[in-house]
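Trainee: Just so it is clear, I am handing over target-v2.txt, which has compact mmCIF, C-alpha atoms and all ligand atoms.
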# COMPACT_ATOMS: atom_id res chain seq x y z
CA MET A 689 149.76 179.70 70.54
CA SER A 690 150.15 179.14 74.25
CA LEU A 691 146.99 178.69 76.24
CA ARG A 692 146.83 180.19 79.70
CA VAL A 693 144.45 179.66 82.58
CA GLN A 694 143.03 183.15 82.07
CA LYS A 695 141.56 182.16 78.68
CA LEU A 696 139.61 179.32 80.29
CA MET A 697 138.52 181.60 83.12
CA ASP A 698 137.15 184.01 80.52
CA LEU A 699 135.29 181.23 78.69
CA MET A 700 133.83 179.88 81.93
CA ASN A 701 132.84 183.33 83.16
CA ASP A 702 131.00 183.98 79.90
CA LEU A 703 129.12 180.71 80.29
CA ALA A 704 128.43 181.06 84.01
CA PRO A 705 128.98 184.65 85.14
CA PRO A 706 130.33 184.70 88.72
CA HIS A 707 127.68 187.20 89.88
CA LEU A 708 125.01 184.53 89.38
CA ALA A 709 126.44 182.38 92.21
CA LEU A 710 124.56 182.13 95.49
CA LYS A 711 125.98 183.99 98.47
CA ASN A 712 128.64 182.04 100.39
CA ASP A 713 129.39 179.75 97.46
CA SER A 714 133.05 179.10 96.64
CA ILE A 715 133.73 179.56 92.96
CA GLY A 716 136.40 180.71 90.52
CA LEU A 717 140.10 179.86 90.51
CA GLN A 718 140.64 177.86 93.72
CA ILE A 719 144.20 176.75 93.09
CA GLY A 720 146.59 178.10 90.48
CA HIS A 721 147.41 181.29 88.62
CA PRO A 722 145.79 182.93 85.57
CA GLU A 723 149.16 183.17 83.84
CA GLU A 724 149.98 179.43 84.11
CA GLU A 725 150.31 177.74 80.74
CA ILE A 726 147.83 174.91 80.12
CA ASN A 727 148.60 171.54 78.54
CA ASN A 728 145.24 169.78 78.61
CA ILE A 729 142.00 170.26 80.48
CA LEU A 730 139.61 168.04 82.42
CA THR A 731 136.01 168.65 83.37
CA THR A 732 134.64 166.91 86.44
CA LEU A 733 131.96 167.00 89.11
CA ASP A 734 134.49 166.61 91.92
CA VAL A 735 138.21 167.11 92.35
CA ASP A 736 139.03 163.70 93.80
CA GLU A 737 141.53 160.85 93.39
CA GLN A 738 139.89 159.86 90.13
CA ALA A 739 140.30 163.37 88.72
CA LEU A 740 143.96 163.40 89.80
CA ALA A 741 144.58 160.03 88.10
CA ALA A 742 142.95 161.34 84.91
CA ALA A 743 145.08 164.50 85.09
CA GLU A 744 148.17 162.31 85.19
CA LYS A 745 147.00 160.09 82.36
CA TYR A 746 146.04 162.92 80.01
CA ASP A 747 148.75 165.39 80.97
CA ALA A 748 146.07 167.83 82.16
CA ASN A 749 147.01 170.72 84.41
CA LEU A 750 143.66 172.49 84.52
CA VAL A 751 140.67 170.87 86.17
CA VAL A 752 137.30 172.58 85.76
CA SER A 753 135.06 171.25 88.52
CA HIS A 754 131.40 171.77 89.33
CA HIS A 755 131.69 171.08 93.05
CA PRO A 756 134.13 173.31 94.92
CA LEU A 757 137.35 171.71 96.12
CA ILE A 758 137.52 174.23 98.95
CA PHE A 759 134.11 175.04 100.38
CA THR A 760 133.90 175.28 104.13
CA PRO A 761 136.48 177.61 105.66
CA LEU A 762 139.79 175.78 105.34
CA THR A 763 141.38 175.37 108.76
CA ALA A 764 144.15 172.91 107.93
CA ILE A 765 145.86 171.20 105.00
CA ASP A 766 146.80 168.04 106.83
CA TYR A 767 148.58 165.64 104.46
CA ARG A 768 147.37 162.68 106.53
CA ARG A 769 143.77 163.43 105.59
CA PRO A 770 142.45 162.67 102.06
CA ASP A 771 141.36 166.29 101.44
CA GLY A 772 144.72 167.67 102.60
CA ASN A 773 146.59 165.15 100.51
CA ILE A 774 144.63 166.08 97.38
CA ILE A 775 145.46 169.76 97.83
CA LYS A 776 149.12 168.86 98.39
CA GLU A 777 149.21 166.76 95.19
CA ILE A 778 147.45 169.46 93.16
CA ILE A 779 150.00 172.07 94.17
CA ARG A 780 152.94 169.67 93.82
CA ARG A 781 151.91 168.78 90.27
CA ARG A 782 151.13 172.41 89.42
CA ILE A 783 147.52 171.65 88.54
CA ASN A 784 145.10 174.57 88.37
CA VAL A 785 141.57 174.14 89.72
CA PHE A 786 138.66 176.28 88.54
CA VAL A 787 135.14 175.92 89.97
CA ALA A 788 131.76 176.93 88.54
CA HIS A 789 129.11 175.80 91.02
CA THR A 790 125.80 177.58 91.69
CA ASN A 791 126.62 180.08 88.93
CA LEU A 792 126.56 177.13 86.53
CA ASP A 793 123.35 175.81 88.13
CA ILE A 794 121.71 179.17 87.57
CA ALA A 795 123.22 180.07 84.16
CA PRO A 796 120.50 179.74 81.50
CA THR A 797 122.54 177.24 79.49
CA GLY A 798 123.85 175.41 82.57
CA VAL A 799 123.06 172.23 84.47
CA ASN A 800 119.25 172.32 84.30
CA ASN A 801 119.18 173.27 80.66
CA ILE A 802 121.36 170.26 79.87
CA LEU A 803 118.98 168.03 81.86
CA CYS A 804 116.01 169.43 79.95
CA ASN A 805 117.68 168.65 76.64
CA ILE A 806 118.56 165.10 77.65
CA LEU A 807 115.11 164.34 79.05
CA GLU A 808 113.36 166.14 76.17
CA VAL A 809 111.67 168.68 78.38
CA GLU A 810 110.76 171.98 76.77
CA LYS A 811 111.89 174.51 79.33
CA ALA A 812 109.36 177.16 80.33
CA GLY A 813 110.89 178.83 83.38
CA VAL A 814 112.89 178.52 86.57
CA LEU A 815 111.55 177.12 89.86
CA GLU A 816 113.07 179.67 92.22
CA ILE A 817 114.10 183.06 90.87
CA THR A 818 117.40 184.16 92.39
CA ARG A 819 118.13 186.95 89.99
CA GLN A 820 116.13 189.02 87.59
CA GLU A 821 118.55 190.74 85.28
CA LYS A 822 117.77 194.41 84.67
CA LEU A 823 117.67 195.24 80.99
CA LEU A 824 119.16 198.13 79.04
CA LYS A 825 118.35 199.32 75.59
CA LEU A 826 121.20 200.19 73.26
CA VAL A 827 120.84 202.49 70.29
CA VAL A 828 123.83 202.91 68.01
CA PHE A 829 124.27 204.64 64.66
CA VAL A 830 126.50 202.89 62.12
CA PRO A 831 127.41 203.72 58.50
CA ALA A 832 125.77 201.43 55.91
CA GLY A 833 127.94 198.43 55.13
CA TYR A 834 129.28 198.10 58.69
CA GLU A 835 126.06 197.08 60.41
CA GLU A 836 126.59 193.29 60.14
CA ASN A 837 130.02 193.42 61.69
CA LEU A 838 128.76 195.60 64.51
CA ARG A 839 125.71 193.42 65.10
CA ASP A 840 127.88 190.29 65.32
CA GLY A 841 130.28 191.99 67.70
CA ILE A 842 127.68 193.22 70.17
CA ALA A 843 125.71 189.95 69.94
CA SER A 844 128.70 187.87 70.95
CA ALA A 845 129.23 190.25 73.87
CA GLY A 846 125.69 189.55 75.12
CA ALA A 847 123.38 192.07 73.41
CA GLY A 848 120.28 191.05 71.45
CA TRP A 849 119.46 187.82 73.30
CA ILE A 850 115.74 187.28 73.82
CA GLY A 851 114.84 183.80 75.12
CA SER A 852 116.39 181.31 72.71
CA TYR A 853 117.02 183.92 69.99
CA SER A 854 120.25 185.78 69.46
CA HIS A 855 121.09 188.77 67.21
CA CYS A 856 117.70 190.40 67.92
CA THR A 857 117.94 193.98 66.70
CA PHE A 858 115.81 196.53 64.90
CA GLN A 859 117.47 198.43 62.11
CA SER A 860 116.21 201.57 60.39
CA ALA A 861 117.89 203.62 57.68
CA GLY A 862 118.56 207.37 57.85
CA THR A 863 121.10 210.05 57.25
CA GLY A 864 123.79 210.94 59.72
CA THR A 865 125.54 214.31 59.59
CA PHE A 866 128.76 215.50 61.12
CA LEU A 867 131.39 218.19 60.70
CA PRO A 868 134.94 217.00 61.42
CA LEU A 869 136.73 219.73 63.40
CA GLU A 870 140.43 220.38 63.73
CA ASN A 871 142.65 217.60 65.11
CA THR A 872 140.30 214.87 63.88
CA GLU A 873 141.06 211.93 61.61
CA PRO A 874 137.62 211.26 60.15
CA PHE A 875 136.95 207.77 58.78
CA ILE A 876 134.66 209.37 56.17
CA GLY A 877 134.81 212.97 54.88
CA GLU A 878 137.29 215.70 55.57
CA ARG A 879 137.96 218.33 58.18
CA GLY A 880 135.85 221.47 58.02
CA LYS A 881 133.24 220.04 55.64
CA LEU A 882 129.72 218.97 56.66
CA GLU A 883 129.25 215.30 55.77
CA LYS A 884 125.98 213.48 55.11
CA VAL A 885 126.25 209.72 55.37
CA ASP A 886 123.84 206.82 54.88
CA GLU A 887 123.61 205.25 58.30
CA PHE A 888 121.57 202.68 60.17
CA ARG A 889 120.08 203.12 63.58
CA LEU A 890 120.54 199.75 65.27
CA GLU A 891 118.63 199.08 68.47
CA THR A 892 118.66 196.12 70.79
CA VAL A 893 118.42 195.06 74.45
CA LEU A 894 121.01 193.63 76.80
CA PRO A 895 121.28 192.58 80.45
CA ALA A 896 122.65 195.50 82.48
CA SER A 897 125.44 193.20 83.70
CA ARG A 898 126.81 192.96 80.13
CA GLN A 899 127.01 196.71 79.52
CA LYS A 900 130.81 196.91 79.86
CA GLU A 901 131.44 194.00 77.47
CA VAL A 902 128.89 195.24 74.95
CA LYS A 903 130.34 198.75 75.01
CA GLU A 904 133.83 197.36 74.41
CA ALA A 905 132.56 195.23 71.51
CA LEU A 906 130.73 198.26 70.08
CA LEU A 907 133.86 200.41 70.14
CA GLN A 908 135.93 197.59 68.63
CA ASN A 909 133.54 196.85 65.78
CA HIS A 910 132.50 200.37 64.86
CA PRO A 911 134.50 202.13 62.15
CA TYR A 912 134.10 205.67 63.57
CA GLU A 913 136.55 207.42 65.84
CA GLU A 914 133.64 208.75 67.93
CA PRO A 915 130.63 206.45 67.46
CA ALA A 916 127.23 207.79 68.49
CA TYR A 917 125.46 205.45 70.91
CA GLU A 918 123.27 205.53 73.99
CA PHE A 919 122.29 203.05 76.69
CA TYR A 920 118.81 203.51 78.22
CA LYS A 921 117.49 201.98 81.43
CA LEU A 922 114.31 200.00 80.87
CA GLU A 923 111.36 199.73 83.25
CA GLU A 924 110.65 196.15 82.23
CA ALA A 925 111.90 193.38 84.48
CA GLY A 926 114.54 191.38 82.74
CA PHE A 927 115.09 187.72 82.15
CA PRO A 928 114.48 185.65 85.34
CA LEU A 929 117.30 183.30 86.35
CA GLY A 930 117.33 180.86 89.22
CA LEU A 931 117.45 177.38 90.66
CA GLY A 932 115.78 174.40 89.02
CA CYS A 933 113.40 174.71 86.12
CA TRP A 934 110.07 173.49 84.84
CA GLY A 935 108.62 172.70 81.46
CA THR A 936 106.72 170.08 79.52
CA LEU A 937 107.78 166.72 78.19
CA THR A 938 107.61 166.76 74.41
CA GLU A 939 105.73 163.47 74.74
CA PRO A 940 103.83 162.77 77.98
CA LEU A 941 104.78 159.46 79.62
CA PRO A 942 103.45 157.30 82.45
CA LEU A 943 105.54 157.87 85.60
CA LYS A 944 107.14 154.43 85.43
CA GLU A 945 108.24 155.02 81.84
CA LEU A 946 109.67 158.38 82.72
CA ALA A 947 111.65 156.78 85.56
CA ARG A 948 112.93 154.21 83.08
CA LYS A 949 113.88 156.97 80.67
CA CYS A 950 115.81 158.74 83.45
CA ARG A 951 117.75 155.54 84.08
CA GLN A 952 118.55 155.17 80.38
CA VAL A 953 119.58 158.69 79.51
CA LEU A 954 121.23 159.64 82.80
CA GLY A 955 123.08 156.35 83.02
CA SER A 956 122.12 156.10 86.68
CA ASP A 957 121.69 152.61 88.19
CA THR A 958 119.57 153.61 91.11
CA ILE A 959 116.42 155.46 90.27
CA ARG A 960 113.81 155.67 93.01
CA TYR A 961 110.38 157.08 92.35
CA TRP A 962 107.19 157.72 94.26
CA GLY A 963 103.70 157.87 92.78
CA ASP A 964 101.31 155.81 90.74
CA ASN A 965 103.14 153.90 87.98
CA ASP A 966 100.54 154.94 85.44
CA ALA A 967 100.22 158.59 86.47
CA GLN A 968 100.67 160.74 83.38
CA ALA A 969 103.76 162.90 83.49
CA HIS A 970 103.55 165.95 81.28
CA LYS A 971 104.50 169.01 83.30
CA ILE A 972 107.95 168.38 84.77
CA ALA A 973 109.95 170.17 87.45
CA LEU A 974 113.70 169.51 87.41
CA CYS A 975 116.70 170.33 89.49
CA GLY A 976 120.17 168.85 89.05
CA GLY A 977 121.83 167.90 92.37
CA SER A 978 119.84 168.27 95.60
CA GLY A 979 116.32 169.50 94.95
CA GLY A 980 114.50 168.69 98.18
CA ASN A 981 114.05 172.30 99.19
CA LEU A 982 112.39 173.16 95.87
CA ILE A 983 109.43 170.81 96.36
CA SER A 984 107.12 173.69 97.27
CA ARG A 985 108.21 175.49 94.08
CA ALA A 986 107.42 172.40 92.03
CA LEU A 987 103.99 172.33 93.69
CA GLN A 988 103.41 176.00 92.88
CA ARG A 989 104.07 175.17 89.24
CA GLU A 990 101.59 172.31 89.50
CA ALA A 991 104.17 169.90 88.14
CA ASP A 992 103.11 166.29 87.66
CA VAL A 993 106.59 165.06 88.61
CA PHE A 994 109.67 166.56 90.20
CA ILE A 995 112.95 164.99 89.06
CA SER A 996 116.00 165.69 91.21
CA GLY A 997 118.36 163.98 93.65
CA ASP A 998 118.96 163.62 97.39
CA PHE A 999 115.28 163.62 98.45
CA LYS A 1000 114.97 163.04 102.19
CA TYR A 1001 112.27 161.04 103.95
CA HIS A 1002 110.29 164.10 105.08
CA ASP A 1003 110.62 165.78 101.67
CA ILE A 1004 109.07 162.71 100.11
CA GLN A 1005 106.35 162.52 102.73
CA TYR A 1006 105.42 166.16 102.14
CA ALA A 1007 105.45 165.87 98.34
CA ARG A 1008 103.29 162.73 98.41
CA SER A 1009 100.80 164.31 100.83
CA MET A 1010 100.43 167.13 98.31
CA GLY A 1011 99.99 164.74 95.40
CA LEU A 1012 103.35 165.45 93.75
CA ASN A 1013 105.17 162.49 92.19
CA LEU A 1014 108.93 162.33 92.64
CA ILE A 1015 111.80 160.74 90.77
CA ASP A 1016 115.14 160.64 92.58
CA ALA A 1017 117.77 160.07 89.92
CA GLY A 1018 120.61 160.83 92.32
CA HIS A 1019 122.78 163.87 92.92
CA TYR A 1020 125.48 162.42 90.69
CA GLY A 1021 123.03 161.12 88.07
CA THR A 1022 121.32 164.48 87.61
CA GLU A 1023 124.55 166.48 87.51
CA TYR A 1024 126.94 164.23 85.63
CA PRO A 1025 125.51 165.11 82.16
CA LEU A 1026 127.09 168.52 82.71
CA VAL A 1027 130.60 167.03 82.64
CA PRO A 1028 130.78 165.71 79.03
CA TRP A 1029 128.69 168.64 77.85
CA LEU A 1030 131.12 171.14 79.37
CA ALA A 1031 134.13 169.30 77.92
CA GLN A 1032 132.63 169.55 74.44
CA TYR A 1033 131.63 173.17 74.97
CA LEU A 1034 135.13 174.20 76.02
CA GLN A 1035 136.73 172.07 73.31
CA ASP A 1036 134.65 173.79 70.61
CA LYS A 1037 135.44 177.25 72.00
CA LEU A 1038 139.17 176.47 72.13
CA ARG A 1039 139.24 175.04 68.61
CA ALA A 1040 137.43 178.12 67.30
CA TRP A 1041 140.06 180.24 69.06
CA GLY A 1042 142.84 178.22 67.41
CA ALA A 1043 144.08 176.17 70.38
CA GLN A 1044 144.79 172.46 69.97
CA ASN A 1045 144.70 171.50 73.68
CA SER A 1046 142.27 168.73 74.50
CA VAL A 1047 139.37 168.87 76.96
CA ARG A 1048 138.21 165.56 78.43
CA PRO A 1049 135.44 164.65 80.88
CA VAL A 1050 136.37 162.65 83.98
CA SER A 1051 133.83 159.85 83.76
CA GLY A 1052 132.54 157.12 85.99
CA GLY A 1053 132.82 158.86 89.36
CA GLY A 1054 130.02 158.94 91.87
CA LEU A 1055 129.90 156.82 94.97
CA ASP A 1056 129.95 153.29 93.51
CA GLU A 1057 126.94 152.23 95.52
CA ASN A 1058 126.07 148.57 95.80
CA ILE A 1059 122.62 147.50 94.79
CA LEU A 1060 121.43 144.33 96.45
CA PRO A 1061 120.05 142.09 93.70
CA GLU A 1062 116.57 140.67 94.14
CA GLY A 1063 116.15 137.33 95.87
ZN ZN A 1101 125.95 169.08 93.12
Do you think you could lay out the structure here as C-alpha cells?
Ligand SMILES: [Zn+2]
Mentor:
Amino acid sequence: MSLRVQKLMDLMNDLAPPHLALKNDSIGLQIGHPEEEINNILTTLDVDEQALAAAEKYDANLVVSHHPLIFTPLTAIDYRRPDGNIIKEIIRRRINVFVAHTNLDIAPTGVNNILCNILEVEKAGVLEITRQEKLLKLVVFVPAGYEENLRDGIASAGAGWIGSYSHCTFQSAGTGTFLPLENTEPFIGERGKLEKVDEFRLETVLPASRQKEVKEALLQNHPYEEPAYEFYKLEEAGFPLGLGCWGTLTEPLPLKELARKCRQVLGSDTIRYWGDNDAQAHKIALCGGSGGNLISRALQREADVFISGDFKYHDIQYARSMGLNLIDAGHYGTEYPLVPWLAQYLQDKLRAWGAQNSVRPVSGGGLDENILPEG
C-alpha cells in the first residue's frame, strides 16, 4: 500500500487540530504536496542541517517538525544564506515538510502532556486558556446488536471523550417503529409493513469542532439507510484547552531534587533553578518551550515551582519577588521529549493502518552549548 503525505496530514490533524493554533502561527504542510508518496518519516524540533542529514541517511522524504521552517513572512530564498539553502535542498530532494506548532502545544495530548508524564506530574488543568471547546450532545437510535460497532466508530471520531476517559455513552433499550414506504430498501422489515425493532438509544457528548467527523462515522457505522439521530447544543462550557499546564507531583520533592530529576529525565545538561534548595515542590506549573510570559498564570495557580525554558532576567526577578521558584530546563530540553514520542505515535498509527514505512526521531539537536567546568 502506498503511503501519501495526506495520510500523515490526517493523522497529525487528528492529534493536533489546526484550529487550536494561535493566530499568526505557521503550521501545516509548508513544503510539498499531499499526493506525494512517502518513503520514510522523521520527527524533529527543527528543520535544520541535522534533519536534512538524517533524511538522507534514512531515506526519509517527510519531515514532521514542531518549529515552523517558514515563520516570518518569507521575502527571499537566497541560496547563499543557510535558511535559503535549506529550502533549496528540501525542494531539490523532494522532501515534504509538515509543521504542528502551537496546535501541538495546546492539544490535550501534546507537548505539555508528554512533559507531565515524564516528570510524573498529575495534570489538573491548563495555565492559560486559549480555547474552550463548545460541546454538543448526540443522541442516536441503533438496532440491538449494532451498538458496539457504532460506539467504536463515533468514539474514534471524537465523541464520548470526558477527561481521560473515552467511549463515554449512556445506553437505554426501547422499541423503534418505522414503516418502509415505496422506493426504500429497508435493512430490516419490508415495504408497506409497520416494523417494531429492539433498539438502543445511545447518547454521548462531543466537541462541536468534531461534529462533521462524528456524523460521518455515525453514517458509516450505522446499518440503517436513514438513521435517526440528533445533535443538541449544550449550555455547559466545554473542555478548556490552552498553553502550559499545572498539576501535582505524584511524590513531592525538594526543589534541588526536582531540578536533578529534570536533568535526568529531560536529558538536558544545563538546568538552572531559582529558590531554596529544600523548598518542597508539590504543585507544579509546566510549559514546554518559552514560558516566561506565563509566570503570572503559574502564580495564580499558586504553584510551588514553574518548570519551563528561556526565562529572562526580569521574568526571574518578578517570579522570585512573588515567591515562585523556577526551573529553567531549556527550550530544547522541555520540548525535545515530544520528538521521540511523536515518532512512536505515528509509527503505531501507521502500523495499525497497515503501512510498513518507518518513523524516526531526529535526536541530539539543540544548540550544543559549552558548559565551563568548575575550577
Ligand atoms: Zn519551541
Trainee: I'd like the neighbourhood of Val799 in chain A as a ChimeraX atom specification, where a residue qualifies if any of its atoms comes within 10 Å (using all atoms listed in the file), though same-chain residues fewer than 6 positions away should be ignored.
Mentor: /A:754,789-793,931-932,975-977,1022-1027,1029-1030
Trainee: Output C-alpha atoms of each residue in that selection to a file, as a short mmCIF file (atom, residue, chain, number, x, y, z; two decimals), in the frame of the given file.
Mentor:
data_model
loop_
_atom_site.label_atom_id
_atom_site.label_comp_id
_atom_site.auth_asym_id
_atom_site.auth_seq_id
_atom_site.Cartn_x
_atom_site.Cartn_y
_atom_site.Cartn_z
CA HIS A 754 131.40 171.77 89.33
CA HIS A 789 129.11 175.80 91.02
CA THR A 790 125.80 177.58 91.69
CA ASN A 791 126.62 180.08 88.93
CA LEU A 792 126.56 177.13 86.53
CA ASP A 793 123.35 175.81 88.13
CA LEU A 931 117.45 177.38 90.66
CA GLY A 932 115.78 174.40 89.02
CA CYS A 975 116.70 170.33 89.49
CA GLY A 976 120.17 168.85 89.05
CA GLY A 977 121.83 167.90 92.37
CA THR A 1022 121.32 164.48 87.61
CA GLU A 1023 124.55 166.48 87.51
CA TYR A 1024 126.94 164.23 85.63
CA PRO A 1025 125.51 165.11 82.16
CA LEU A 1026 127.09 168.52 82.71
CA VAL A 1027 130.60 167.03 82.64
CA TRP A 1029 128.69 168.64 77.85
CA LEU A 1030 131.12 171.14 79.37
#
Trainee: For Leu869 in chain A, find every residue with an atom within 10 Å (counting only C-alpha atoms), except residues of its own chain fewer than 3 positions away, and show them as JSON, numbers by chain.
Mentor: {"A": [866, 872, 873, 874, 878, 879, 880, 881, 882]}
Trainee: Between A:Cys933, A:Leu987, A:Leu1014, A:Ile794, which residue has the minimum interatomic distance to Leu703 in chain A, considering all atoms listed in the file?
Mentor: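 Going through A:Cys933, A:Leu987, A:Leu1014, A:Ile794 one by one, the smallest distance to Leu703 in chain A is for A:Ile794.
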Trainee: Need to verify the contact set: Ile850 in chain A, 9 Å, only C-alpha atoms, exclusion of same-chain residues closer than 5 positions in sequence. Can you return it as a PyMOL selection string?
Mentor: chain A and resi 855-856+893-894+927
Trainee: Please indicate the distance in Å from CA of Val1050 in chain A to CA of Thr732 in chain A, rounded to one decimal place.
Mentor: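 Straight-line distance from CA of Val1050 in chain A to CA of Thr732 in chain A works out to 5.2 Å.
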Trainee: Of the candidates A:Pro895, A:Gly846, A:Pro942, A:Gly1021, which one gets nearest to Val993 in chain A if we count only C-alpha atoms?
Mentor: A:Pro942
